[in-house]
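*Asks:* Compact mmCIF, C-alpha atoms (C1' of nucleotides), file input24.txt:
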```
# COMPACT_ATOMS: atom_id res chain seq x y z
CA MET U 29 -55.52 -12.24 -86.78
CA SER U 30 -52.62 -9.88 -87.35
CA ASP U 31 -49.36 -11.20 -86.07
CA THR U 32 -48.51 -8.67 -83.43
CA LEU U 33 -46.78 -9.14 -80.11
CA LEU U 34 -50.13 -8.52 -78.47
CA SER U 35 -51.85 -11.22 -80.49
CA ARG U 36 -49.06 -13.63 -79.73
CA CYS U 37 -49.54 -12.94 -76.03
CA LEU U 38 -53.25 -13.58 -76.30
CA ALA U 39 -52.57 -16.76 -78.24
CA LYS U 40 -50.54 -17.92 -75.26
CA ASN U 41 -53.37 -17.08 -72.91
CA ILE U 42 -51.37 -14.42 -71.16
CA ARG U 43 -53.74 -12.41 -69.03
CA MET U 44 -53.98 -8.99 -70.57
CA THR U 45 -54.00 -5.78 -68.57
CA SER U 46 -53.83 -2.17 -69.64
CA GLN U 47 -50.27 -1.93 -68.32
CA ARG U 48 -49.14 -4.97 -70.24
CA GLN U 49 -50.71 -3.64 -73.40
CA ILE U 50 -48.77 -0.41 -73.04
CA ILE U 51 -45.48 -2.16 -72.36
CA ILE U 52 -46.05 -4.54 -75.26
CA GLN U 53 -46.80 -1.64 -77.55
CA VAL U 54 -43.62 0.12 -76.45
CA ILE U 55 -41.55 -2.98 -77.12
CA GLU U 56 -43.07 -3.36 -80.56
CA GLU U 57 -42.43 0.23 -81.47
CA SER U 58 -38.82 0.15 -80.28
CA ASP U 59 -36.33 -0.86 -82.91
CA ASP U 60 -33.35 -0.13 -80.73
CA HIS U 61 -32.58 -2.53 -77.88
CA PRO U 62 -33.99 -0.76 -74.84
CA ASP U 63 -33.17 -1.63 -71.26
CA VAL U 64 -35.84 -1.79 -68.57
CA ASP U 65 -35.43 1.82 -67.60
CA GLN U 66 -35.92 2.96 -71.19
CA LEU U 67 -39.00 0.76 -71.52
CA TYR U 68 -40.28 2.20 -68.28
CA LEU U 69 -39.78 5.81 -69.36
CA ARG U 70 -41.43 5.20 -72.72
CA SER U 71 -44.34 3.43 -71.06
CA VAL U 72 -44.86 6.18 -68.51
CA GLU U 73 -45.27 8.64 -71.36
CA LEU U 74 -48.31 6.67 -72.45
CA ASP U 75 -49.63 5.89 -68.98
CA ASN U 76 -48.09 7.63 -66.05
CA THR U 77 -49.37 5.15 -63.50
CA ILE U 78 -47.16 2.30 -64.68
CA SER U 79 -44.48 1.34 -62.17
CA ILE U 80 -41.05 0.02 -62.98
CA ALA U 81 -41.83 -3.13 -61.00
CA THR U 82 -44.51 -3.94 -63.53
CA VAL U 83 -42.08 -3.43 -66.38
CA TYR U 84 -39.66 -5.84 -64.74
CA ARG U 85 -42.42 -8.37 -64.13
CA THR U 86 -43.70 -8.03 -67.68
CA VAL U 87 -40.38 -8.47 -69.47
CA LYS U 88 -39.69 -11.50 -67.32
CA LEU U 89 -43.07 -12.95 -68.23
CA LEU U 90 -42.61 -12.28 -71.93
CA GLU U 91 -39.10 -13.64 -71.91
CA GLU U 92 -40.22 -16.85 -70.24
CA ALA U 93 -42.99 -17.15 -72.81
CA GLY U 94 -40.37 -16.88 -75.53
CA LEU U 95 -41.93 -13.74 -76.97
CA ILE U 96 -39.04 -11.40 -76.30
CA GLU U 97 -35.31 -11.95 -75.89
CA ARG U 98 -32.94 -10.65 -73.30
CA LEU U 99 -29.61 -9.28 -74.50
CA GLU U 100 -26.51 -8.33 -72.58
CA PHE U 101 -23.92 -6.06 -74.04
CA GLY U 102 -21.47 -6.11 -71.18
CA ASP U 103 -22.69 -3.13 -69.22
CA GLY U 104 -24.69 -4.24 -66.22
CA ARG U 105 -28.13 -3.88 -67.81
CA SER U 106 -30.39 -6.31 -69.62
CA ARG U 107 -31.77 -5.16 -72.93
CA TYR U 108 -34.76 -6.55 -74.73
CA GLU U 109 -36.00 -7.11 -78.24
CA GLU U 110 -38.97 -8.81 -79.76
CA ALA U 111 -38.28 -12.43 -80.57
CA GLY U 112 -38.34 -13.10 -84.26
CA GLU U 113 -36.02 -14.40 -86.89
CA HIS U 114 -32.79 -15.32 -85.21
CA HIS U 115 -29.93 -12.89 -85.65
CA GLU U 116 -26.75 -11.67 -83.99
CA HIS U 117 -25.59 -8.23 -82.96
CA LEU U 118 -22.68 -6.04 -83.88
CA VAL U 119 -22.11 -3.19 -81.45
CA ASP U 120 -20.37 -0.02 -82.61
CA ILE U 121 -18.01 0.63 -79.72
CA GLU U 122 -17.77 4.32 -80.58
CA THR U 123 -21.45 5.17 -80.84
CA GLY U 124 -23.15 2.30 -79.03
CA GLU U 125 -25.26 1.67 -82.14
CA VAL U 126 -26.37 -1.93 -82.50
CA HIS U 127 -26.59 -3.57 -85.91
CA GLU U 128 -28.25 -6.90 -86.51
CA PHE U 129 -26.99 -9.55 -88.87
CA TYR U 130 -27.56 -13.14 -89.77
CA ASN U 131 -25.07 -15.54 -91.28
CA GLU U 132 -26.01 -19.06 -92.18
CA GLU U 133 -22.45 -20.33 -92.19
CA LEU U 134 -22.03 -19.11 -88.65
CA GLU U 135 -25.14 -20.95 -87.50
CA THR U 136 -23.97 -24.20 -89.05
CA LEU U 137 -20.54 -23.82 -87.56
CA LYS U 138 -21.83 -23.26 -84.04
CA THR U 139 -24.01 -26.34 -84.16
CA GLU U 140 -21.15 -28.38 -85.54
CA ILE U 141 -18.69 -27.21 -82.91
CA ALA U 142 -21.11 -28.13 -80.14
CA ARG U 143 -21.72 -31.53 -81.66
CA GLU U 144 -18.02 -32.23 -81.98
CA MET U 145 -17.72 -31.49 -78.28
CA GLY U 146 -20.48 -33.96 -77.50
CA TYR U 147 -23.23 -31.43 -76.97
CA ASP U 148 -26.56 -30.49 -78.42
CA LEU U 149 -26.59 -26.76 -78.92
CA ILE U 150 -29.46 -25.31 -76.94
CA ASP U 151 -28.66 -21.64 -77.04
CA HIS U 152 -25.83 -19.28 -77.73
CA ARG U 153 -24.84 -15.66 -77.50
CA LEU U 154 -22.65 -13.82 -79.91
CA GLU U 155 -21.82 -10.18 -80.08
CA LEU U 156 -19.24 -8.52 -82.22
CA TYR U 157 -17.77 -5.23 -81.07
CA GLY U 158 -16.35 -3.13 -83.86
CA LYS U 159 -15.13 0.26 -84.95
CA LYS U 160 -16.37 1.75 -88.22
CA ARG U 161 -13.71 1.42 -90.88
CA LYS U 162 -12.56 4.84 -91.94
CA SER U 163 -10.80 3.97 -95.18
CA MET O 25 12.02 -14.13 -66.40
CA SER O 26 9.32 -16.77 -66.17
CA ASP O 27 6.15 -15.79 -67.88
CA THR O 28 3.73 -15.64 -64.99
CA LEU O 29 0.84 -13.30 -64.40
CA LEU O 30 2.92 -11.68 -61.69
CA SER O 31 5.84 -11.07 -64.03
CA ARG O 32 3.50 -9.66 -66.64
CA CYS O 33 2.16 -7.25 -64.05
CA LEU O 34 5.64 -6.15 -63.11
CA ALA O 35 6.50 -5.73 -66.78
CA LYS O 36 3.62 -3.29 -67.00
CA ASN O 37 4.88 -1.42 -63.97
CA ILE O 38 1.84 -2.27 -61.92
CA ARG O 39 2.57 -1.37 -58.35
CA MET O 40 2.85 -4.61 -56.43
CA THR O 41 1.36 -5.13 -52.99
CA SER O 42 1.03 -8.24 -50.89
CA GLN O 43 -2.71 -8.30 -51.53
CA ARG O 44 -2.28 -8.07 -55.27
CA GLN O 45 0.26 -10.87 -55.21
CA ILE O 46 -2.19 -13.10 -53.42
CA ILE O 47 -5.05 -12.30 -55.78
CA ILE O 48 -2.82 -12.79 -58.80
CA GLN O 49 -1.69 -16.14 -57.46
CA VAL O 50 -5.30 -17.19 -56.90
CA ILE O 51 -6.23 -16.24 -60.45
CA GLU O 52 -3.29 -18.16 -61.85
CA GLU O 53 -4.12 -21.27 -59.87
CA SER O 54 -7.80 -21.21 -60.84
CA ASP O 55 -8.63 -23.13 -63.96
CA ASP O 56 -12.36 -22.69 -63.55
CA HIS O 57 -13.85 -19.27 -64.23
CA PRO O 58 -14.29 -17.77 -60.78
CA ASP O 59 -16.45 -14.77 -59.96
CA VAL O 60 -15.27 -12.06 -57.60
CA ASP O 61 -16.72 -13.71 -54.56
CA GLN O 62 -14.91 -16.95 -55.31
CA LEU O 63 -11.65 -15.08 -55.87
CA TYR O 64 -12.25 -13.27 -52.61
CA LEU O 65 -12.87 -16.48 -50.63
CA ARG O 66 -9.82 -18.18 -52.12
CA SER O 67 -7.69 -15.13 -51.40
CA VAL O 68 -8.86 -14.85 -47.82
CA GLU O 69 -7.70 -18.42 -47.22
CA LEU O 70 -4.18 -17.22 -48.00
CA ASP O 71 -4.40 -13.85 -46.28
CA ASN O 72 -7.39 -13.16 -44.10
CA THR O 73 -6.94 -9.39 -44.16
CA ILE O 74 -7.84 -9.02 -47.84
CA SER O 75 -11.12 -7.22 -48.39
CA ILE O 76 -13.52 -7.83 -51.23
CA ALA O 77 -13.13 -4.20 -52.28
CA THR O 78 -9.50 -4.89 -53.05
CA VAL O 79 -10.46 -7.90 -55.12
CA TYR O 80 -12.87 -5.76 -57.13
CA ARG O 81 -10.24 -3.06 -57.57
CA THR O 82 -7.60 -5.57 -58.58
CA VAL O 83 -9.63 -7.41 -61.19
CA LYS O 84 -10.62 -4.08 -62.68
CA LEU O 85 -7.00 -3.04 -62.82
CA LEU O 86 -5.86 -6.30 -64.37
CA GLU O 87 -8.68 -6.27 -66.88
CA GLU O 88 -7.86 -2.75 -67.98
CA ALA O 89 -4.23 -3.79 -68.33
CA GLY O 90 -5.35 -6.61 -70.62
CA LEU O 91 -3.93 -9.27 -68.32
CA ILE O 92 -7.19 -10.96 -67.41
CA GLU O 93 -10.54 -11.21 -69.19
CA ARG O 94 -14.02 -10.68 -67.89
CA LEU O 95 -16.66 -13.21 -68.85
CA GLU O 96 -20.42 -13.08 -68.47
CA PHE O 97 -22.49 -16.20 -68.59
CA GLY O 98 -25.89 -14.57 -68.22
CA ASP O 99 -26.26 -14.74 -64.47
CA GLY O 100 -25.60 -11.35 -62.91
CA ARG O 101 -21.96 -11.98 -62.02
CA SER O 102 -18.72 -11.28 -63.82
CA ARG O 103 -16.25 -14.12 -64.06
CA TYR O 104 -12.57 -13.87 -64.77
CA GLU O 105 -9.83 -15.83 -66.43
CA GLU O 106 -6.21 -15.16 -67.24
CA ALA O 107 -5.78 -13.66 -70.68
CA GLY O 108 -3.98 -16.00 -72.99
CA GLU O 109 -4.58 -17.73 -76.24
CA HIS O 110 -7.95 -16.65 -77.46
CA HIS O 111 -10.77 -19.14 -77.06
CA GLU O 112 -14.52 -19.40 -76.67
CA HIS O 113 -16.68 -21.06 -74.05
CA LEU O 114 -19.29 -23.76 -74.12
CA VAL O 115 -21.42 -23.88 -71.00
CA ASP O 116 -23.10 -27.13 -69.98
CA ILE O 117 -26.57 -25.93 -69.02
CA GLU O 118 -27.15 -28.93 -66.80
CA THR O 119 -23.97 -28.86 -64.73
CA GLY O 120 -22.68 -25.32 -65.24
CA GLU O 121 -19.36 -26.76 -66.38
CA VAL O 122 -17.49 -24.52 -68.77
CA HIS O 123 -15.47 -25.98 -71.64
CA GLU O 124 -13.07 -23.95 -73.71
CA PHE O 125 -12.61 -24.32 -77.44
CA TYR O 126 -10.98 -22.61 -80.36
CA ASN O 127 -12.03 -22.78 -83.97
CA GLU O 128 -10.06 -21.04 -86.67
CA GLU O 129 -12.92 -21.01 -89.15
CA LEU O 130 -15.08 -19.24 -86.61
CA GLU O 131 -12.46 -16.57 -86.08
CA THR O 132 -12.13 -15.93 -89.78
CA LEU O 133 -15.85 -15.77 -90.22
CA LYS O 134 -16.35 -13.23 -87.45
CA THR O 135 -13.71 -10.93 -88.87
CA GLU O 136 -15.21 -11.27 -92.32
CA ILE O 137 -18.73 -10.54 -91.17
CA ALA O 138 -17.59 -7.40 -89.39
CA ARG O 139 -15.65 -6.26 -92.44
CA GLU O 140 -18.61 -6.82 -94.72
CA MET O 141 -20.62 -4.58 -92.42
CA GLY O 142 -18.00 -1.86 -92.67
CA TYR O 143 -16.35 -2.49 -89.33
CA ASP O 144 -13.00 -3.48 -87.95
CA LEU O 145 -13.58 -6.21 -85.40
CA ILE O 146 -12.23 -5.04 -82.07
CA ASP O 147 -13.69 -7.60 -79.73
CA HIS O 148 -16.39 -10.20 -79.55
CA ARG O 149 -18.11 -12.53 -77.17
CA LEU O 150 -19.42 -15.95 -77.97
CA GLU O 151 -20.84 -18.53 -75.66
CA LEU O 152 -22.51 -21.74 -76.61
CA TYR O 153 -24.99 -23.27 -74.19
CA GLY O 154 -25.47 -26.97 -74.67
CA LYS O 155 -26.74 -30.18 -73.21
CA LYS O 156 -24.55 -33.28 -73.22
CA ARG O 157 -25.67 -35.64 -75.95
CA LYS O 158 -26.92 -38.86 -74.43
CA SER O 159 -26.83 -41.13 -77.44
C1' DC S 8 8.51 11.53 -48.31
C1' DT S 9 4.76 11.22 -51.63
C1' DA S 10 1.56 9.07 -54.30
C1' DA S 11 -1.02 5.26 -54.51
C1' DA S 12 -3.35 1.08 -52.34
C1' DT S 13 -6.20 -0.95 -48.60
C1' DG S 14 -10.15 -1.66 -45.33
C1' DC S 15 -14.33 -0.55 -43.92
C1' DA S 16 -18.75 0.86 -44.40
C1' DA S 17 -21.87 3.39 -46.95
C1' DA S 18 -23.83 4.12 -51.28
C1' DA S 19 -25.03 3.16 -56.00
C1' DC S 20 -27.09 0.25 -59.37
C1' DC S 21 -30.09 -3.10 -61.20
C1' DT S 22 -33.55 -6.36 -60.05
C1' DT S 23 -36.79 -8.93 -57.12
C1' DT S 24 -40.30 -9.38 -53.63
C1' DG S 25 -43.93 -8.79 -49.78
C1' DC S 26 -48.08 -6.97 -48.99
C1' DC S 27 -52.16 -4.85 -49.70
C1' DT S 28 -55.34 -3.16 -53.20
C1' DC S 29 -57.40 -3.50 -57.65
C1' DA S 30 -58.92 -5.57 -61.89
C1' DA S 31 -59.51 -9.43 -65.47
C1' DA S 32 -61.92 -13.39 -66.66
C1' DT T 2 -66.19 -14.12 -57.20
C1' DT T 3 -61.72 -15.72 -57.50
C1' DT T 4 -57.25 -15.56 -59.01
C1' DG T 5 -53.82 -13.10 -60.68
C1' DA T 6 -51.71 -8.30 -61.56
C1' DG T 7 -50.15 -3.69 -60.11
C1' DG T 8 -48.14 -0.09 -57.01
C1' DC T 9 -45.22 1.02 -53.56
C1' DA T 10 -41.47 0.59 -50.85
C1' DA T 11 -38.31 -2.40 -48.80
C1' DA T 12 -34.86 -5.78 -49.51
C1' DG T 13 -31.32 -8.46 -52.35
C1' DG T 14 -27.23 -9.06 -54.94
C1' DT T 15 -23.31 -7.18 -57.20
C1' DT T 16 -20.15 -3.50 -57.76
C1' DT T 17 -18.27 1.11 -56.69
C1' DT T 18 -16.67 4.78 -53.74
C1' DG T 19 -15.37 8.19 -49.82
C1' DC T 20 -12.36 8.57 -46.33
C1' DA T 21 -8.95 7.69 -42.99
C1' DT T 22 -4.85 4.80 -42.67
C1' DT T 23 -1.06 2.16 -44.35
C1' DT T 24 2.45 0.92 -47.65
C1' DA T 25 5.37 0.76 -51.97
C1' DG T 26 8.73 2.91 -54.39
```
Would you give me this structure, written as structure tokens?

*Replies:*
Amino acid sequence: MSDTLLSRCLAKNIRMTSQRQIIIQVIEESDDHPDVDQLYLRSVELDNTISIATVYRTVKLLEEAGLIERLEFGDGRSRYEEAGEHHEHLVDIETGEVHEFYNEELETLKTEIAREMGYDLIDHRLELYGKKRKS
Amino acid sequence: MSDTLLSRCLAKNIRMTSQRQIIIQVIEESDDHPDVDQLYLRSVELDNTISIATVYRTVKLLEEAGLIERLEFGDGRSRYEEAGEHHEHLVDIETGEVHEFYNEELETLKTEIAREMGYDLIDHRLELYGKKRKS
DNA sequence: CTAAATGCAAAACCTTTGCCTCAAA
DNA sequence: TTTGAGGCAAAGGTTTTGCATTTAG
């Protein structure tokens, strides 16, 4: 079985509908970090009967199943991406572009800091906001 | 001149009103990380004519002046704290308690990561979510 | 006096929900 | 057939805004 978002949904016994398939496909094909409205617009292009309520319900379902992740970049909207290898985000404050990165040292450090404070690290959020260096 | 939030506002030539003084006082006296509604309720106790619109306008003003900082902990609300020495937050996912911490290594690492990606680090957000270790 | 701040209520956003209909298993 | 999903529109929660009035400087 190919390891697609769809197959992962089926593996979790998530009831599959034509609307969910469309939304799942849209999420898979998006390599930016779309908000619900963007997902909705892209889905409607493929099936103009999909309602935004269904998009909201579907992202909530997929998030709770651990198949997608919700991001917040400080504007009021939630953005989503497929869950996969863990990584962080660097947001270009001039263009809005989002770059992903992963740094092992950072991961270790976060866990250590939490432990020193008497906590088990369950989750974390990190975003860097930067301006492209001109030099 | 004592270094209070009020004096820092005056130093920036922010027009002072009785409502702003109250809200500023409330922010200074809060060592939790209140949202707008909490600030509003605490302010109303001191002056029952203050409206929540004024609280919204004031926190926006103070944030833009760099005198307070807006935090987001993943629920829909913005929380605020006085700007001061930079620090990060660890949120206890069981109690909601927020602990502050500072780690030099972390700061260095963030700046370095941004630079390696061709960016000057302008801002960043980091929250750790943890569960108190029982052992 | 003049420009800016406040209060109030309405509106603007984003998100959730009730209810009835429709479809998946 | 039964249980859950979708569509629609209404409602919720947070934040912003228009406008008339008041206040700081």

*Asks:* For chain O, list the residues within 10 Å of chain T, counting all atoms listed in the file, and write the list as a list of chain:residue names.

*Replies:* O:Arg39, O:Met40, O:Thr41, O:Ser42, O:Val60, O:Asp61, O:Ala77, O:Tyr80, O:Arg81, O:Gly100, O:Arg101, O:Ser102

*Asks:* Between CA of Glu53 (chain O) and CA of Glu106 (chain O), what distance in Å does the model show, to one decimal?

*Replies:* 9.8 Å

*Asks:* Take chain O, superimpose it onto chain U by least squares using every C-alpha atom paired in sequence order, and output the result as an mmCIF file with C-alpha atoms, in the coordinates of the input.

*Replies:*
```cif
data_model
loop_
_atom_site.group_PDB
_atom_site.id
_atom_site.type_symbol
_atom_site.label_atom_id
_atom_site.label_comp_id
_atom_site.auth_asym_id
_atom_site.auth_seq_id
_atom_site.Cartn_x
_atom_site.Cartn_y
_atom_site.Cartn_z
ATOM 1 C CA MET O 25 -55.507 -12.451 -86.619
ATOM 2 C CA SER O 26 -52.629 -10.084 -87.273
ATOM 3 C CA ASP O 27 -49.356 -11.357 -86.008
ATOM 4 C CA THR O 28 -48.500 -8.796 -83.374
ATOM 5 C CA LEU O 29 -46.763 -9.249 -80.064
ATOM 6 C CA LEU O 30 -50.109 -8.640 -78.413
ATOM 7 C CA SER O 31 -51.813 -11.364 -80.426
ATOM 8 C CA ARG O 32 -48.984 -13.748 -79.662
ATOM 9 C CA CYS O 33 -49.469 -13.048 -75.976
ATOM 10 C CA LEU O 34 -53.169 -13.722 -76.220
ATOM 11 C CA ALA O 35 -52.461 -16.918 -78.137
ATOM 12 C CA LYS O 36 -50.413 -18.045 -75.165
ATOM 13 C CA ASN O 37 -53.235 -17.190 -72.805
ATOM 14 C CA ILE O 38 -51.247 -14.510 -71.063
ATOM 15 C CA ARG O 39 -53.610 -12.535 -68.918
ATOM 16 C CA MET O 40 -53.919 -9.111 -70.480
ATOM 17 C CA THR O 41 -53.955 -5.900 -68.476
ATOM 18 C CA SER O 42 -53.836 -2.301 -69.583
ATOM 19 C CA GLN O 43 -50.277 -2.003 -68.300
ATOM 20 C CA ARG O 44 -49.120 -5.046 -70.203
ATOM 21 C CA GLN O 45 -50.719 -3.746 -73.373
ATOM 22 C CA ILE O 46 -48.818 -0.512 -73.047
ATOM 23 C CA ILE O 47 -45.498 -2.223 -72.381
ATOM 24 C CA ILE O 48 -46.055 -4.630 -75.250
ATOM 25 C CA GLN O 49 -46.836 -1.741 -77.561
ATOM 26 C CA VAL O 50 -43.670 0.056 -76.467
ATOM 27 C CA ILE O 51 -41.570 -3.027 -77.139
ATOM 28 C CA GLU O 52 -43.104 -3.458 -80.567
ATOM 29 C CA GLU O 53 -42.497 0.150 -81.514
ATOM 30 C CA SER O 54 -38.878 0.113 -80.335
ATOM 31 C CA ASP O 55 -36.382 -0.863 -82.967
ATOM 32 C CA ASP O 56 -33.393 -0.091 -80.788
ATOM 33 C CA HIS O 57 -32.593 -2.455 -77.934
ATOM 34 C CA PRO O 58 -34.020 -0.714 -74.887
ATOM 35 C CA ASP O 59 -33.173 -1.553 -71.293
ATOM 36 C CA VAL O 60 -35.836 -1.714 -68.612
ATOM 37 C CA ASP O 61 -35.475 1.897 -67.666
ATOM 38 C CA GLN O 62 -35.990 3.009 -71.249
ATOM 39 C CA LEU O 63 -39.039 0.766 -71.580
ATOM 40 C CA TYR O 64 -40.317 2.200 -68.328
ATOM 41 C CA LEU O 65 -39.871 5.830 -69.442
ATOM 42 C CA ARG O 66 -41.514 5.171 -72.800
ATOM 43 C CA SER O 67 -44.391 3.374 -71.111
ATOM 44 C CA VAL O 68 -44.951 6.124 -68.584
ATOM 45 C CA GLU O 69 -45.393 8.588 -71.445
ATOM 46 C CA LEU O 70 -48.421 6.548 -72.499
ATOM 47 C CA ASP O 71 -49.740 5.769 -69.032
ATOM 48 C CA ASN O 72 -48.208 7.569 -66.103
ATOM 49 C CA THR O 73 -49.451 5.066 -63.531
ATOM 50 C CA ILE O 74 -47.187 2.244 -64.714
ATOM 51 C CA SER O 75 -44.499 1.350 -62.207
ATOM 52 C CA ILE O 76 -41.052 0.073 -63.033
ATOM 53 C CA ALA O 77 -41.789 -3.074 -61.037
ATOM 54 C CA THR O 78 -44.480 -3.941 -63.539
ATOM 55 C CA VAL O 79 -42.063 -3.417 -66.394
ATOM 56 C CA TYR O 80 -39.596 -5.795 -64.754
ATOM 57 C CA ARG O 81 -42.337 -8.344 -64.131
ATOM 58 C CA THR O 82 -43.638 -8.051 -67.668
ATOM 59 C CA VAL O 83 -40.326 -8.456 -69.454
ATOM 60 C CA LYS O 84 -39.599 -11.472 -67.295
ATOM 61 C CA LEU O 85 -42.950 -12.949 -68.190
ATOM 62 C CA LEU O 86 -42.534 -12.294 -71.895
ATOM 63 C CA GLU O 87 -39.007 -13.641 -71.893
ATOM 64 C CA GLU O 88 -40.074 -16.843 -70.195
ATOM 65 C CA ALA O 89 -42.861 -17.173 -72.745
ATOM 66 C CA GLY O 90 -40.255 -16.902 -75.499
ATOM 67 C CA LEU O 91 -41.858 -13.783 -76.942
ATOM 68 C CA ILE O 92 -38.999 -11.389 -76.301
ATOM 69 C CA GLU O 93 -35.253 -11.907 -75.906
ATOM 70 C CA ARG O 94 -32.882 -10.571 -73.323
ATOM 71 C CA LEU O 95 -29.578 -9.180 -74.521
ATOM 72 C CA GLU O 96 -26.478 -8.229 -72.575
ATOM 73 C CA PHE O 97 -23.892 -5.949 -74.040
ATOM 74 C CA GLY O 98 -21.451 -6.019 -71.143
ATOM 75 C CA ASP O 99 -22.679 -3.018 -69.217
ATOM 76 C CA GLY O 100 -24.705 -4.105 -66.204
ATOM 77 C CA ARG O 101 -28.123 -3.762 -67.829
ATOM 78 C CA SER O 102 -30.357 -6.199 -69.645
ATOM 79 C CA ARG O 103 -31.759 -5.086 -72.965
ATOM 80 C CA TYR O 104 -34.736 -6.507 -74.760
ATOM 81 C CA GLU O 105 -35.976 -7.069 -78.260
ATOM 82 C CA GLU O 106 -38.956 -8.818 -79.767
ATOM 83 C CA ALA O 107 -38.219 -12.433 -80.576
ATOM 84 C CA GLY O 108 -38.272 -13.058 -84.271
ATOM 85 C CA GLU O 109 -35.966 -14.298 -86.929
ATOM 86 C CA HIS O 110 -32.749 -15.225 -85.255
ATOM 87 C CA HIS O 111 -29.874 -12.800 -85.660
ATOM 88 C CA GLU O 112 -26.697 -11.599 -84.002
ATOM 89 C CA HIS O 113 -25.533 -8.157 -82.963
ATOM 90 C CA LEU O 114 -22.593 -5.995 -83.852
ATOM 91 C CA VAL O 115 -22.025 -3.150 -81.430
ATOM 92 C CA ASP O 116 -20.235 -0.007 -82.589
ATOM 93 C CA ILE O 117 -17.883 0.650 -79.684
ATOM 94 C CA GLU O 118 -17.622 4.320 -80.538
ATOM 95 C CA THR O 119 -21.300 5.202 -80.845
ATOM 96 C CA GLY O 120 -23.034 2.338 -79.042
ATOM 97 C CA GLU O 121 -25.122 1.726 -82.150
ATOM 98 C CA VAL O 122 -26.263 -1.850 -82.515
ATOM 99 C CA HIS O 123 -26.475 -3.493 -85.936
ATOM 100 C CA GLU O 124 -28.167 -6.802 -86.530
ATOM 101 C CA PHE O 125 -26.901 -9.467 -88.887
ATOM 102 C CA TYR O 126 -27.485 -13.061 -89.807
ATOM 103 C CA ASN O 127 -24.994 -15.462 -91.289
ATOM 104 C CA GLU O 128 -25.975 -18.977 -92.226
ATOM 105 C CA GLU O 129 -22.426 -20.294 -92.192
ATOM 106 C CA LEU O 130 -22.024 -19.067 -88.645
ATOM 107 C CA GLU O 131 -25.161 -20.865 -87.550
ATOM 108 C CA THR O 132 -24.028 -24.116 -89.084
ATOM 109 C CA LEU O 133 -20.622 -23.809 -87.547
ATOM 110 C CA LYS O 134 -21.949 -23.222 -84.044
ATOM 111 C CA THR O 135 -24.190 -26.259 -84.215
ATOM 112 C CA GLU O 136 -21.334 -28.343 -85.545
ATOM 113 C CA ILE O 137 -18.911 -27.238 -82.871
ATOM 114 C CA ALA O 138 -21.392 -28.098 -80.144
ATOM 115 C CA ARG O 139 -22.059 -31.493 -81.690
ATOM 116 C CA GLU O 140 -18.371 -32.269 -81.949
ATOM 117 C CA MET O 141 -18.107 -31.547 -78.240
ATOM 118 C CA GLY O 142 -20.925 -33.964 -77.501
ATOM 119 C CA TYR O 143 -23.641 -31.383 -77.014
ATOM 120 C CA ASP O 144 -26.929 -30.388 -78.532
ATOM 121 C CA LEU O 145 -26.871 -26.639 -79.019
ATOM 122 C CA ILE O 146 -29.737 -25.137 -77.067
ATOM 123 C CA ASP O 147 -28.859 -21.479 -77.146
ATOM 124 C CA HIS O 148 -25.970 -19.174 -77.796
ATOM 125 C CA ARG O 149 -24.934 -15.578 -77.568
ATOM 126 C CA LEU O 150 -22.656 -13.772 -79.934
ATOM 127 C CA GLU O 151 -21.795 -10.131 -80.060
ATOM 128 C CA LEU O 152 -19.186 -8.498 -82.186
ATOM 129 C CA TYR O 153 -17.688 -5.224 -81.010
ATOM 130 C CA GLY O 154 -16.207 -3.166 -83.788
ATOM 131 C CA LYS O 155 -14.971 0.201 -84.876
ATOM 132 C CA LYS O 156 -16.165 1.706 -88.150
ATOM 133 C CA ARG O 157 -13.478 1.357 -90.784
ATOM 134 C CA LYS O 158 -12.283 4.772 -91.859
ATOM 135 C CA SER O 159 -10.558 3.915 -95.101
#
```

*Asks:* What gap, in Å, lies between CA of Ile146 (chain O) and CA of His113 (chain O)?

*Replies:*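 These atoms are spaced 18.5 Å apart.
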
*Asks:* CA of Arg94 (chain O) and CA of Phe129 (chain U) are how many Å apart?

*Replies:*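 Atom-to-atom, CA of Arg94 (chain O) and CA of Phe129 (chain U) are spaced 24.7 Å apart.
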
*Asks:* Please check the contacts: residues of chain U at most 6 Å away from chain O, using only C-alpha atoms, listed as a VMD selection string.

*Replies:* chain U and resid 146 to 161

*Asks:* Would you give the centre and edge lengths, in Å to one decimal, of a box along x, y and z around the listed atoms of region 39-48 of chain U, with 3 Å added to each side, as lines of an AutoDock Vina configuration file?

*Replies:*
```
center_x = -51.6
center_y = -9.9
center_z = -73.3
size_x = 10.9
size_y = 22.0
size_z = 15.9
```

*Asks:* With 9 Å as the threshold, what does the neighbourhood of (-6.6, -17.7, -64.5) contain in terms of residues, counting all atoms listed in the file? Coordinates are those of the file; answer as a ChimeraX atom specification.

*Replies:* /O:29,48-58,92-93,104-107

*Asks:* Using all atoms listed in the file, find the residues of chain S whose closest atom to chain O is at most 9 Å away, then write them as an mmCIF file with C-alpha atoms (C1' of nucleotides), in the coordinates of the input.

*Replies:*
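New file out.cif:
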```
data_model
loop_
_atom_site.group_PDB
_atom_site.id
_atom_site.type_symbol
_atom_site.label_atom_id
_atom_site.label_comp_id
_atom_site.auth_asym_id
_atom_site.auth_seq_id
_atom_site.Cartn_x
_atom_site.Cartn_y
_atom_site.Cartn_z
ATOM 1 C "C1'" DA S 11 -1.020 5.260 -54.510
ATOM 2 C "C1'" DA S 12 -3.350 1.080 -52.340
ATOM 3 C "C1'" DT S 13 -6.200 -0.950 -48.600
ATOM 4 C "C1'" DG S 14 -10.150 -1.660 -45.330
ATOM 5 C "C1'" DC S 15 -14.330 -0.550 -43.920
#
```

*Asks:* May I ask which of the residues U:Asp31, U:Glu91, U:Glu144, U:Glu132 is the closest one to Arg107 (chain U), counting all atoms listed in the file?

*Replies:*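 Between U:Asp31, U:Glu91, U:Glu144, U:Glu132, the residue approaching Arg107 (chain U) most closely is U:Glu91.
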